[in-house]
$ cat target-v4.cif   # mmCIF, C-alpha atoms
data_target
#
loop_
_atom_site.label_atom_id
_atom_site.label_comp_id
_atom_site.auth_asym_id
_atom_site.auth_seq_id
_atom_site.Cartn_x
_atom_site.Cartn_y
_atom_site.Cartn_z
CA MET T 1 0.00 0.00 0.00
CA ILE T 2 1.51 3.31 -1.08
CA PRO T 3 1.20 5.77 1.83
CA ALA T 4 -1.28 8.60 1.34
CA ARG T 5 -2.29 11.71 3.26
CA GLN T 6 -5.16 11.28 5.70
CA ILE T 7 -4.99 14.30 8.03
CA LEU T 8 -6.55 17.31 6.36
CA THR T 9 -8.56 18.98 9.13
CA SER T 10 -8.29 19.61 12.84
CA ASP T 11 -10.90 16.88 13.36
CA ASP T 12 -8.67 14.41 11.50
CA LEU T 13 -5.74 15.46 13.67
CA ALA T 14 -7.76 14.99 16.86
CA ARG T 15 -8.74 11.47 15.75
CA PHE T 16 -5.13 10.69 14.87
CA GLN T 17 -3.92 11.73 18.32
CA GLU T 18 -6.25 9.14 19.83
CA SER T 19 -5.32 6.47 17.29
CA GLY T 20 -3.15 3.39 17.46
CA ALA T 21 -0.82 4.89 14.85
CA CYS T 22 -0.04 7.87 17.09
CA SER T 23 0.55 5.55 20.04
CA GLU T 24 2.90 3.40 17.96
CA ILE T 25 5.00 6.39 16.92
CA LEU T 26 5.25 7.69 20.48
CA GLU T 27 5.99 4.27 21.97
CA PHE T 28 8.73 3.70 19.40
CA LEU T 29 10.21 7.13 20.12
CA ASN T 30 10.17 6.48 23.88
CA SER T 31 11.79 3.07 23.41
CA LEU T 32 14.60 4.58 21.33
CA ASN T 33 15.03 7.33 23.90
CA ASP T 34 15.27 4.80 26.74
CA ALA T 35 17.88 2.85 24.77
CA VAL T 36 20.37 5.75 24.76
CA ILE T 37 20.08 6.94 28.37
CA GLY T 38 23.64 7.21 29.69
CA VAL T 39 25.15 6.11 26.34
CA LYS T 40 27.95 8.09 24.72
CA THR T 41 28.09 8.55 20.97
CA THR T 42 31.65 7.23 21.09
CA ASP T 43 30.80 4.07 23.08
CA ALA T 44 31.57 0.74 21.41
CA ILE T 45 28.16 -0.48 20.20
CA GLU T 46 27.81 -3.56 18.03
CA ASN T 47 26.07 -3.16 14.69
CA SER T 48 23.79 -5.96 13.56
CA GLU T 49 23.45 -6.77 9.87
CA VAL T 50 20.41 -4.53 9.41
CA ILE T 51 22.19 -1.62 11.13
CA GLN T 52 25.10 -2.09 8.73
CA LYS T 53 22.68 -2.10 5.78
CA LEU T 54 21.08 1.13 6.98
CA LEU T 55 24.48 2.79 7.34
CA GLN T 56 25.39 1.65 3.83
CA LEU T 57 22.11 3.14 2.59
CA LEU T 58 22.97 6.50 4.15
CA ASP T 59 26.47 6.28 2.67
CA LYS T 60 24.90 5.92 -0.77
CA VAL T 61 22.68 8.94 -0.16
CA GLN T 62 25.71 10.95 0.89
CA GLN T 63 27.65 9.82 -2.18
CA THR T 64 24.76 10.98 -4.37
CA ASN T 65 25.03 14.34 -2.63
CA LYS T 66 28.74 14.47 -3.48
CA ASP T 67 28.11 13.47 -7.10
CA ILE T 68 25.46 16.13 -7.78
CA LYS T 69 27.10 19.52 -7.35
CA PRO T 70 25.12 22.65 -6.42
CA ILE T 71 24.42 25.15 -9.17
CA GLU T 72 26.48 28.35 -8.97
CA THR T 73 24.06 31.08 -7.96
CA ASN T 74 23.85 34.32 -6.02
CA SER T 75 20.55 33.33 -4.44
CA ARG T 76 20.46 32.51 -0.75
CA PHE T 77 17.40 30.31 -1.20
CA GLY T 78 17.33 26.58 -1.95
CA ASN T 79 19.64 25.43 -4.74
CA ALA T 80 17.77 23.83 -7.66
CA ALA T 81 20.39 21.04 -7.90
CA PHE T 82 18.62 19.50 -4.89
CA ARG T 83 15.85 18.40 -7.27
CA ASP T 84 18.39 16.41 -9.30
CA PHE T 85 19.63 14.83 -6.07
CA TYR T 86 16.07 14.05 -5.01
CA ASP T 87 15.20 12.45 -8.36
CA LYS T 88 18.35 10.33 -8.35
CA VAL T 89 17.66 9.03 -4.84
CA GLU T 90 14.02 8.36 -5.70
CA GLN T 91 15.11 6.38 -8.74
CA THR T 92 17.65 4.20 -6.94
CA LEU T 93 16.12 3.93 -3.45
CA PRO T 94 14.02 0.81 -4.22
CA GLU T 95 17.17 -0.96 -5.43
CA TRP T 96 19.04 0.02 -2.27
CA LEU T 97 16.18 -1.09 -0.01
CA ALA T 98 15.87 -4.43 -1.83
CA GLU T 99 19.08 -5.52 -0.10
CA PHE T 100 17.26 -5.93 3.22
CA VAL T 101 13.53 -5.16 2.82
CA PRO T 102 11.02 -7.79 1.58
CA ALA T 103 9.94 -7.02 -1.99
CA GLU T 104 6.25 -6.62 -1.13
CA HIS T 105 7.03 -3.76 1.29
CA ILE T 106 9.66 -1.82 -0.66
CA GLU T 107 7.29 0.62 -2.36
CA GLU T 108 5.57 1.55 0.89
CA ILE T 109 8.73 1.90 2.96
CA ALA T 110 10.57 3.78 0.21
CA LYS T 111 7.97 6.55 0.46
CA TYR T 112 8.88 7.31 4.08
CA ALA T 113 12.60 7.11 3.34
CA GLN T 114 12.29 9.43 0.34
CA GLU T 115 10.23 12.00 2.24
CA SER T 116 12.86 12.10 4.99
CA PHE T 117 15.33 13.98 2.77
CA GLY T 118 13.22 17.10 2.23
CA ASN T 119 10.63 18.49 -0.18
CA ARG T 120 11.56 18.45 -3.85
CA ARG T 121 9.40 21.36 -4.96
CA ARG T 122 9.98 23.75 -2.08
CA ILE T 123 13.63 22.68 -1.56
CA ASP T 124 13.14 22.76 2.18
CA TYR T 125 13.51 20.50 5.20
CA GLY T 126 12.08 20.43 8.70
CA THR T 127 10.75 18.34 11.57
CA GLY T 128 8.07 16.76 9.38
CA HIS T 129 10.76 15.24 7.18
CA GLU T 130 12.67 14.12 10.26
CA LEU T 131 9.43 12.44 11.42
CA ASN T 132 9.39 10.51 8.15
CA PHE T 133 12.80 9.05 8.90
CA LEU T 134 11.59 7.98 12.34
CA SER T 135 8.58 6.40 10.62
CA PHE T 136 10.84 4.66 8.11
CA LEU T 137 12.65 3.03 11.04
CA LEU T 138 9.32 2.20 12.70
CA CYS T 139 8.22 0.36 9.55
CA LEU T 140 11.39 -1.74 9.66
CA ASP T 141 10.69 -2.43 13.32
CA LYS T 142 7.13 -3.56 12.60
CA LEU T 143 8.45 -5.97 9.98
CA ALA T 144 10.78 -7.41 12.66
CA LEU T 145 13.81 -6.42 10.58
CA ILE T 146 14.97 -4.41 13.59
CA ARG T 147 15.18 -6.04 17.01
CA ARG T 148 14.88 -4.29 20.36
CA GLU T 149 18.57 -4.98 21.01
CA ASP T 150 19.32 -2.87 17.91
CA TYR T 151 17.71 0.25 19.36
CA THR T 152 20.85 1.78 20.85
CA ALA T 153 22.80 1.44 17.61
CA LEU T 154 19.71 2.58 15.69
CA VAL T 155 19.90 5.96 17.43
CA VAL T 156 23.62 6.43 18.06
CA HIS T 157 24.81 5.09 14.71
CA VAL T 158 21.93 5.25 12.23
CA PHE T 159 19.88 8.24 13.34
CA PHE T 160 22.89 10.38 14.18
CA ARG T 161 24.40 9.42 10.84
CA TYR T 162 21.15 10.52 9.16
CA VAL T 163 21.47 13.92 10.88
CA HIS T 164 25.01 14.28 9.53
CA VAL T 165 23.86 13.34 6.02
CA MET T 166 21.09 15.95 6.24
CA ARG T 167 23.60 18.58 7.29
CA GLY T 168 25.57 17.72 4.19
CA LEU T 169 22.44 18.37 2.10
CA GLN T 170 21.78 21.61 3.97
CA MET T 171 25.35 22.71 3.34
CA SER T 172 25.31 21.74 -0.32
CA TYR T 173 21.86 22.83 -1.45
CA TRP T 174 21.00 25.45 1.19
CA LEU T 175 17.72 23.77 2.03
CA GLU T 176 15.26 26.31 3.37
CA PRO T 177 13.84 25.74 6.86
CA ALA T 178 10.36 24.22 6.58
CA GLY T 179 7.76 25.92 8.75
CA SER T 180 7.69 29.25 10.50
CA HIS T 181 9.07 28.76 13.99
CA GLY T 182 12.27 30.66 13.19
CA VAL T 183 14.37 31.29 16.27
CA TRP T 184 11.58 29.95 18.46
CA GLY T 185 12.37 26.42 17.37
CA LEU T 186 15.21 24.36 18.78
CA ASP T 187 16.95 24.37 15.42
CA ASP T 188 16.01 25.59 11.95
CA TYR T 189 15.77 21.96 10.85
CA GLN T 190 16.04 19.26 13.54
CA PHE T 191 14.29 18.31 16.79
CA LEU T 192 15.12 14.72 17.64
CA PRO T 193 18.93 15.12 18.02
CA PHE T 194 18.18 17.37 20.99
CA LEU T 195 15.69 14.88 22.43
CA PHE T 196 17.97 11.86 22.08
CA GLY T 197 21.00 13.93 23.08
CA ALA T 198 19.32 14.95 26.34
CA GLY T 199 18.58 11.27 26.93
CA GLN T 200 22.27 10.48 26.60
CA LEU T 201 23.03 13.02 29.32
CA ARG T 202 20.29 12.04 31.78
CA THR T 203 22.62 10.11 34.09
CA HIS T 204 25.69 12.36 33.83
CA LYS T 205 26.93 13.35 37.27
CA HIS T 206 28.63 16.64 36.42
CA LEU T 207 27.46 18.15 33.13
CA ARG T 208 24.33 20.27 33.46
CA PRO T 209 21.98 21.90 30.93
CA LYS T 210 23.65 25.27 31.56
CA SER T 211 26.93 23.74 30.32
CA ILE T 212 25.93 24.66 26.74
CA HIS T 213 27.12 28.20 27.47
CA ASN T 214 30.68 27.02 27.99
CA PRO T 215 32.49 26.79 24.61
CA GLU T 216 35.21 24.55 26.06
CA ILE T 217 32.63 22.01 27.23
CA LEU T 218 30.93 22.06 23.83
CA ASP T 219 34.24 21.44 22.08
CA GLU T 220 35.31 18.67 24.44
CA PHE T 221 32.05 16.77 24.78
CA SER T 222 30.28 17.29 21.43
CA LYS T 223 31.84 14.06 20.14
CA ASP T 224 30.26 12.15 23.06
CA TYR T 225 26.82 13.76 23.33
CA MET T 226 24.53 14.74 20.47
CA TYR T 227 22.92 17.57 22.42
CA PHE T 228 26.22 19.40 22.73
CA GLU T 229 27.08 18.59 19.12
CA SER T 230 23.74 20.05 17.98
CA VAL T 231 24.27 23.25 19.97
CA ARG T 232 27.82 23.51 18.62
CA PHE T 233 26.50 23.18 15.07
CA VAL T 234 23.88 25.90 15.59
CA ASN T 235 26.55 28.22 17.02
CA SER T 236 28.79 27.52 14.02
CA ILE T 237 26.27 28.82 11.47
CA LYS T 238 24.70 31.67 13.42
CA THR T 239 26.25 34.83 14.77
CA GLY T 240 25.93 36.45 18.16
CA SER T 241 24.86 35.01 21.48
CA ILE T 242 22.76 31.87 21.68
CA ARG T 243 20.39 33.94 23.83
CA TRP T 244 19.55 35.94 20.74
CA HIS T 245 19.71 33.48 17.84
CA SER T 246 18.29 30.43 19.68
CA PRO T 247 16.24 31.62 22.69
CA MET T 248 14.44 28.29 23.02
CA ILE T 249 17.73 26.44 23.53
CA ASP T 250 18.78 29.17 25.94
CA ASP T 251 15.53 28.83 27.92
CA ILE T 252 15.94 25.06 28.18
CA SER T 253 19.45 25.50 29.58
CA GLY T 254 17.87 26.85 32.75
CA ALA T 255 16.38 23.44 33.63
CA LYS T 256 17.75 21.81 36.76
CA SER T 257 18.44 18.39 35.24
CA TRP T 258 18.83 16.58 31.94
CA GLU T 259 15.93 14.34 32.91
CA LYS T 260 13.63 17.37 32.96
CA VAL T 261 15.01 18.46 29.60
CA ASN T 262 14.61 15.00 28.08
CA LEU T 263 11.07 14.37 29.32
CA GLY T 264 10.10 17.92 28.44
CA LEU T 265 11.30 17.43 24.87
CA VAL T 266 9.25 14.24 24.57
CA LYS T 267 6.17 16.24 25.57
CA MET T 268 7.19 19.02 23.21
CA PHE T 269 7.53 16.53 20.34
CA ARG T 270 3.96 15.40 20.88
CA ALA T 271 2.65 18.97 21.11
CA GLU T 272 4.78 20.75 18.49
CA VAL T 273 5.41 18.03 15.90
CA ILE T 274 2.77 15.31 15.78
CA GLY T 275 0.27 17.63 17.44
CA LYS T 276 0.43 20.33 14.77
CA LEU T 277 -1.83 20.29 11.72
CA PRO T 278 0.62 22.27 9.52
CA ILE T 279 3.08 19.38 9.93
CA MET T 280 0.79 16.38 10.09
CA GLN T 281 -1.36 17.34 7.09
CA HIS T 282 1.66 16.36 4.99
CA PHE T 283 2.25 13.04 6.76
CA MET T 284 1.21 9.85 4.97
CA PHE T 285 -0.24 6.56 6.15
CA GLY T 286 -0.13 3.09 4.61
CA SER T 287 -0.57 -0.46 5.83
CA LEU T 288 2.33 -0.46 8.30
CA ILE T 289 1.47 2.89 9.89
CA SER T 290 -2.27 2.86 9.41
CA PHE T 291 -4.84 5.60 9.99
CA SER T 292 -7.91 6.70 8.06
CA GLY T 293 -9.01 10.31 8.23
CA GLY T 294 -12.60 11.29 7.61
CA SER T 295 -12.10 14.28 5.33
CA MET T 296 -10.91 12.60 2.15
CA SER T 297 -10.71 9.09 0.78
CA ALA T 298 -7.30 7.48 0.50
CA ASP T 299 -7.53 7.49 -3.31
CA ALA T 300 -8.37 11.18 -3.37
CA ALA T 301 -5.67 12.05 -0.88
CA HIS T 302 -3.08 10.09 -2.84
CA GLY T 303 -4.12 11.56 -6.16
CA ALA T 304 -4.51 15.19 -5.13
CA ASP T 305 -2.39 17.63 -7.10
CA GLU T 306 0.07 19.84 -5.28
CA ASP T 307 -0.35 23.61 -5.55
CA GLU T 308 2.41 26.17 -5.94
CA HIS T 309 3.41 25.65 -2.30
CA GLY T 310 3.89 21.90 -2.75
CA CYS T 311 0.66 21.04 -0.91
CA ALA T 312 -1.95 18.58 -2.10
CA ASP T 313 -4.96 20.48 -0.75
CA HIS T 314 -5.93 24.11 -1.03
CA SER T 315 -7.43 24.66 2.43
CA HIS T 316 -4.16 25.78 4.02
CA VAL T 317 -3.77 26.62 7.69
CA PHE T 318 -2.77 30.26 8.04
CA ALA T 319 -1.03 31.86 11.00
CA LEU T 320 -1.75 35.45 12.03
CA GLY T 321 0.20 37.91 9.94
CA GLN T 322 1.44 35.35 7.43
CA GLU T 323 1.25 35.93 3.71
CA PHE T 324 2.05 32.29 2.95
CA PRO T 325 0.39 29.16 4.37
CA ASP T 326 1.73 28.13 7.77
CA CYS T 327 1.94 24.55 6.51
CA CYS T 328 4.59 25.59 4.02
CA GLY T 329 6.13 28.46 5.91
CA ILE T 330 7.29 31.84 4.72
CA LYS T 331 10.23 31.42 2.37
CA VAL T 332 13.31 32.06 4.47
CA PRO T 333 16.89 31.61 3.25
CA SER T 334 18.91 29.15 5.29
CA ALA T 335 21.26 30.43 7.98
CA ILE T 336 23.91 28.37 6.23
CA ALA T 337 23.43 30.42 3.04
CA ALA T 338 23.61 33.65 5.03
CA ALA T 339 26.79 32.47 6.75
CA GLN T 340 28.24 31.61 3.36
CA ALA T 341 27.46 35.10 2.08
CA ASP T 342 29.44 36.51 5.00
CA LYS T 343 32.33 34.21 4.08
CA ASP T 344 32.14 35.46 0.49
CA ALA T 345 32.57 39.03 1.66
CA SER T 346 35.82 37.93 3.31
CA GLY T 347 37.18 36.46 0.10
CA VAL T 348 36.32 32.82 0.68
CA PRO T 349 35.02 31.27 -2.58
CA ARG T 350 31.26 30.94 -2.84
CA ASN T 351 30.00 27.39 -2.20
CA ALA T 352 32.84 26.72 0.23
CA TYR T 353 30.08 25.13 2.29
CA ALA T 354 28.86 23.13 -0.68
CA ARG T 355 30.54 19.95 0.44
CA PRO T 356 29.17 17.41 2.90
CA ILE T 357 30.84 17.47 6.30
CA PRO T 358 33.61 14.83 6.35
CA PHE T 359 32.35 12.39 8.96
CA ASP T 360 34.42 9.43 7.84
#

$ encode --input "target-v4.cif" --output "structure tokens"
Amino acid sequence: MIPARQILTSDDLARFQESGACSEILEFLNSLNDAVIGVKTTDAIENSEVIQKLLQLLDKVQQTNKDIKPIETNSRFGNAAFRDFYDKVEQTLPEWLAEFVPAEHIEEIAKYAQESFGNRRRIDYGTGHELNFLSFLLCLDKLALIRREDYTALVVHVFFRYVHVMRGLQMSYWLEPAGSHGVWGLDDYQFLPFLFGAGQLRTHKHLRPKSIHNPEILDEFSKDYMYFESVRFVNSIKTGSIRWHSPMIDDISGAKSWEKVNLGLVKMFRAEVIGKLPIMQHFMFGSLISFSGGSMSADAAHGADEDEHGCADHSHVFALGQEFPDCCGIKVPSAIAAAQADKDASGVPRNAYARPIPFD
């Protein structure tokens, strides 16, 4: 079953939040979170065969990124070469998945994997795409391709690797932030690295949430804890104090413990990601993650044409003062593109950022 959109109205969203599909997503997220409590990114963790296959899949995505160069342009908005990357991955993804996914499920699972790399038309990326990657992993879990003993490696090796691959895409193609949270989000793009990263730190005896304000701690411990690595990355592409460019991260640093941060982010994920219509009206459901909304039949939802904003319905959700639909977000150039423009003024060649971060 090819996944199709089912959440088109607030009533659909309310039904989804009481559904088995919503419970499955949250239970899977909580299980992954529990699996990394007290675990360092650098700890020796064994990779099962399926974990190795997933890492190889992400390596192939990254290689495609390297092969398809960004177009030289003066625009700070998304680079059109991303569409060539997207098409190439879409073309070859079923072949890559066939190495470890049963043939009858490839088409369905490929849809979640493909959607996790961003939106082709808008050339943007956000927490909804990140949710698709989580759902891709959930599908593998439901097919028993992933075992519970794989969960730690699934987060520390596979999910964190996915985040690095996405940063390579953001660097190369200047993907625009999807949505309209701006500085009031944790990050222009990601949410879950902060959630899982706080889980890693829950049992640490000395490091505290306020430690993010110490550059030496960020430099020393970012390799061990994804939360610090995520803050370090945000600082590297934005100027000024974190209190100004990322006030949400700054506010969270006032918490007394990492447990409060971690559990608070789980609640925030439910409220601000899977609890928001502008995000969930783009999410798709199939046979593995199943939910039927009441506003449109599956055939109609699957066959609906996208409008100029890349949306399949025309009853957008607007936020006060917005000219563009909240579901798509006001077009905002990436902070990475702005940072690159500053580099250009200093004589550094344009597109110096247009290479994936070397994580090997």

$ residues_near_point --input "target-v4.cif" --point "(14.7, 9.2, 10.1)" --cutoff "9 Å" --atoms "all atoms listed in the file" --output "ChimeraX atom specification"
/T:112-113,116-117,129-137,158-159,162-163

$ resolve_selection --input "target-v4.cif" --expression "the PyMOL selection byres ((chain T and resi 41) around 9)" --output "list in words"
Val39, Lys40, Thr42, Asp43, Ala44, Val156, His157, Phe160, Gln200, Lys223, Asp224, Tyr225 and Met226 of chain T

$ residues_near_point --input "target-v4.cif" --point "(21.5, 25.4, 31.4)" --cutoff "9 Å" --atoms "only C-alpha atoms" --output "list in words"
Arg208, Pro209, Lys210, Ser211, Ile212, His213, Ile249, Asp250, Asp251, Ile252, Ser253, Gly254, Ala255, Lys256 and Ser257 of chain T

$ atom_distance --input "target-v4.cif" --atom1 "atom CA of Ala4 of chain T" --atom2 "atom CA of Val50 of chain T"
26.6 Å

$ residues_around --input "target-v4.cif" --residues "Asp11 of chain T" --least-positions-apart "4" --cutoff "9 Å" --atoms "all atoms listed in the file" --output "count of residues only"
6

$ atom_distance --input "target-v4.cif" --atom1 "atom CA of Glu90 of chain T" --atom2 "atom CA of Gln114 of chain T"
6.4 Å

$ residues_around --input "target-v4.cif" --residues "Gly128 of chain T" --least-positions-apart "3" --cutoff "12 Å" --atoms "only C-alpha atoms" --output "MDAnalysis selection string"
chainID T and resid 112 115:119 124:125 131:135 177:179 189:192 269 272:284 327:328

$ atom_distance --input "target-v4.cif" --atom1 "atom CA of Trp244 of chain T" --atom2 "atom CA of Glu229 of chain T"
19.0 Å

$ closest_residue --input "target-v4.cif" --among "T:Ile106, T:Leu32, T:Ile51, T:Ile123" --to "Ser172 of chain T" --atoms "all atoms listed in the file"
T:Ile123

$ resolve_selection --input "target-v4.cif" --expression "the PyMOL selection byres ((chain T and resi 96) around 10)" --output "VMD selection string"
chain T and resid 53 to 54 56 to 58 60 to 61 89 91 to 95 97 to 101 106 110

$ closest_atom_pairs --input "target-v4.cif" --of "segment 153-243 of chain T" --to "segment 71-78 of chain T" --cutoff "8 Å" --atoms "all atoms listed in the file" --output "tab-separated table"
residue	atom	partner	partner_atom	distance
T:Tyr173	CA	T:Gly78	CA	5.9
T:Trp174	CA	T:Gly78	CA	5.0
T:Leu175	CA	T:Gly78	CA	4.9
T:Glu176	CA	T:Gly78	CA	5.7

$ build_atoms --input "target-v4.cif" --residues "segment 84-101 of chain T" --atoms "N, CA, C and O atoms" --output "PDB file, in the frame of the given file"
ATOM      1  N   ASP T  84      17.676  17.490  -8.612  1.00  0.00           N
ATOM      2  CA  ASP T  84      18.390  16.410  -9.300  1.00  0.00           C
ATOM      3  C   ASP T  84      18.810  15.330  -8.302  1.00  0.00           C
ATOM      4  O   ASP T  84      18.716  14.133  -8.583  1.00  0.00           O
ATOM      5  N   PHE T  85      19.289  15.779  -7.132  1.00  0.00           N
ATOM      6  CA  PHE T  85      19.630  14.830  -6.070  1.00  0.00           C
ATOM      7  C   PHE T  85      18.400  14.021  -5.669  1.00  0.00           C
ATOM      8  O   PHE T  85      18.466  12.788  -5.566  1.00  0.00           O
ATOM      9  N   TYR T  86      17.306  14.694  -5.448  1.00  0.00           N
ATOM     10  CA  TYR T  86      16.070  14.050  -5.010  1.00  0.00           C
ATOM     11  C   TYR T  86      15.610  12.998  -6.021  1.00  0.00           C
ATOM     12  O   TYR T  86      15.252  11.869  -5.662  1.00  0.00           O
ATOM     13  N   ASP T  87      15.636  13.370  -7.302  1.00  0.00           N
ATOM     14  CA  ASP T  87      15.200  12.450  -8.360  1.00  0.00           C
ATOM     15  C   ASP T  87      16.100  11.231  -8.447  1.00  0.00           C
ATOM     16  O   ASP T  87      15.620  10.110  -8.665  1.00  0.00           O
ATOM     17  N   LYS T  88      17.405  11.448  -8.282  1.00  0.00           N
ATOM     18  CA  LYS T  88      18.350  10.330  -8.350  1.00  0.00           C
ATOM     19  C   LYS T  88      18.118   9.361  -7.202  1.00  0.00           C
ATOM     20  O   LYS T  88      18.112   8.130  -7.391  1.00  0.00           O
ATOM     21  N   VAL T  89      17.921   9.893  -5.995  1.00  0.00           N
ATOM     22  CA  VAL T  89      17.660   9.030  -4.840  1.00  0.00           C
ATOM     23  C   VAL T  89      16.336   8.296  -5.026  1.00  0.00           C
ATOM     24  O   VAL T  89      16.231   7.095  -4.751  1.00  0.00           O
ATOM     25  N   GLU T  90      15.327   8.995  -5.488  1.00  0.00           N
ATOM     26  CA  GLU T  90      14.020   8.360  -5.700  1.00  0.00           C
ATOM     27  C   GLU T  90      14.112   7.218  -6.698  1.00  0.00           C
ATOM     28  O   GLU T  90      13.455   6.182  -6.551  1.00  0.00           O
ATOM     29  N   GLN T  91      14.940   7.392  -7.703  1.00  0.00           N
ATOM     30  CA  GLN T  91      15.110   6.380  -8.740  1.00  0.00           C
ATOM     31  C   GLN T  91      15.814   5.124  -8.210  1.00  0.00           C
ATOM     32  O   GLN T  91      15.457   4.002  -8.559  1.00  0.00           O
ATOM     33  N   THR T  92      16.812   5.320  -7.373  1.00  0.00           N
ATOM     34  CA  THR T  92      17.650   4.200  -6.940  1.00  0.00           C
ATOM     35  C   THR T  92      17.297   3.649  -5.558  1.00  0.00           C
ATOM     36  O   THR T  92      17.762   2.568  -5.188  1.00  0.00           O
ATOM     37  N   LEU T  93      16.462   4.352  -4.805  1.00  0.00           N
ATOM     38  CA  LEU T  93      16.120   3.930  -3.450  1.00  0.00           C
ATOM     39  C   LEU T  93      15.511   2.527  -3.390  1.00  0.00           C
ATOM     40  O   LEU T  93      15.890   1.722  -2.527  1.00  0.00           O
ATOM     41  N   PRO T  94      14.565   2.169  -4.272  1.00  0.00           N
ATOM     42  CA  PRO T  94      14.020   0.810  -4.220  1.00  0.00           C
ATOM     43  C   PRO T  94      15.099  -0.266  -4.383  1.00  0.00           C
ATOM     44  O   PRO T  94      15.056  -1.305  -3.712  1.00  0.00           O
ATOM     45  N   GLU T  95      16.069  -0.011  -5.240  1.00  0.00           N
ATOM     46  CA  GLU T  95      17.170  -0.960  -5.430  1.00  0.00           C
ATOM     47  C   GLU T  95      18.005  -1.084  -4.160  1.00  0.00           C
ATOM     48  O   GLU T  95      18.393  -2.184  -3.762  1.00  0.00           O
ATOM     49  N   TRP T  96      18.271   0.044  -3.511  1.00  0.00           N
ATOM     50  CA  TRP T  96      19.040   0.020  -2.270  1.00  0.00           C
ATOM     51  C   TRP T  96      18.284  -0.726  -1.173  1.00  0.00           C
ATOM     52  O   TRP T  96      18.860  -1.524  -0.434  1.00  0.00           O
ATOM     53  N   LEU T  97      16.988  -0.461  -1.057  1.00  0.00           N
ATOM     54  CA  LEU T  97      16.180  -1.090  -0.010  1.00  0.00           C
ATOM     55  C   LEU T  97      16.018  -2.589  -0.237  1.00  0.00           C
ATOM     56  O   LEU T  97      15.849  -3.354   0.714  1.00  0.00           O
ATOM     57  N   ALA T  98      16.066  -3.011  -1.504  1.00  0.00           N
ATOM     58  CA  ALA T  98      15.870  -4.430  -1.830  1.00  0.00           C
ATOM     59  C   ALA T  98      16.934  -5.323  -1.194  1.00  0.00           C
ATOM     60  O   ALA T  98      16.740  -6.540  -1.101  1.00  0.00           O
ATOM     61  N   GLU T  99      18.022  -4.730  -0.718  1.00  0.00           N
ATOM     62  CA  GLU T  99      19.080  -5.520  -0.100  1.00  0.00           C
ATOM     63  C   GLU T  99      18.687  -6.052   1.270  1.00  0.00           C
ATOM     64  O   GLU T  99      19.296  -7.004   1.766  1.00  0.00           O
ATOM     65  N   PHE T 100      17.647  -5.438   1.890  1.00  0.00           N
ATOM     66  CA  PHE T 100      17.260  -5.930   3.220  1.00  0.00           C
ATOM     67  C   PHE T 100      15.762  -5.830   3.523  1.00  0.00           C
ATOM     68  O   PHE T 100      15.321  -6.261   4.590  1.00  0.00           O
ATOM     69  N   VAL T 101      14.977  -5.294   2.606  1.00  0.00           N
ATOM     70  CA  VAL T 101      13.530  -5.160   2.820  1.00  0.00           C
ATOM     71  C   VAL T 101      12.795  -6.132   1.907  1.00  0.00           C
ATOM     72  O   VAL T 101      13.102  -6.225   0.715  1.00  0.00           O
TER      73      VAL T 101
END
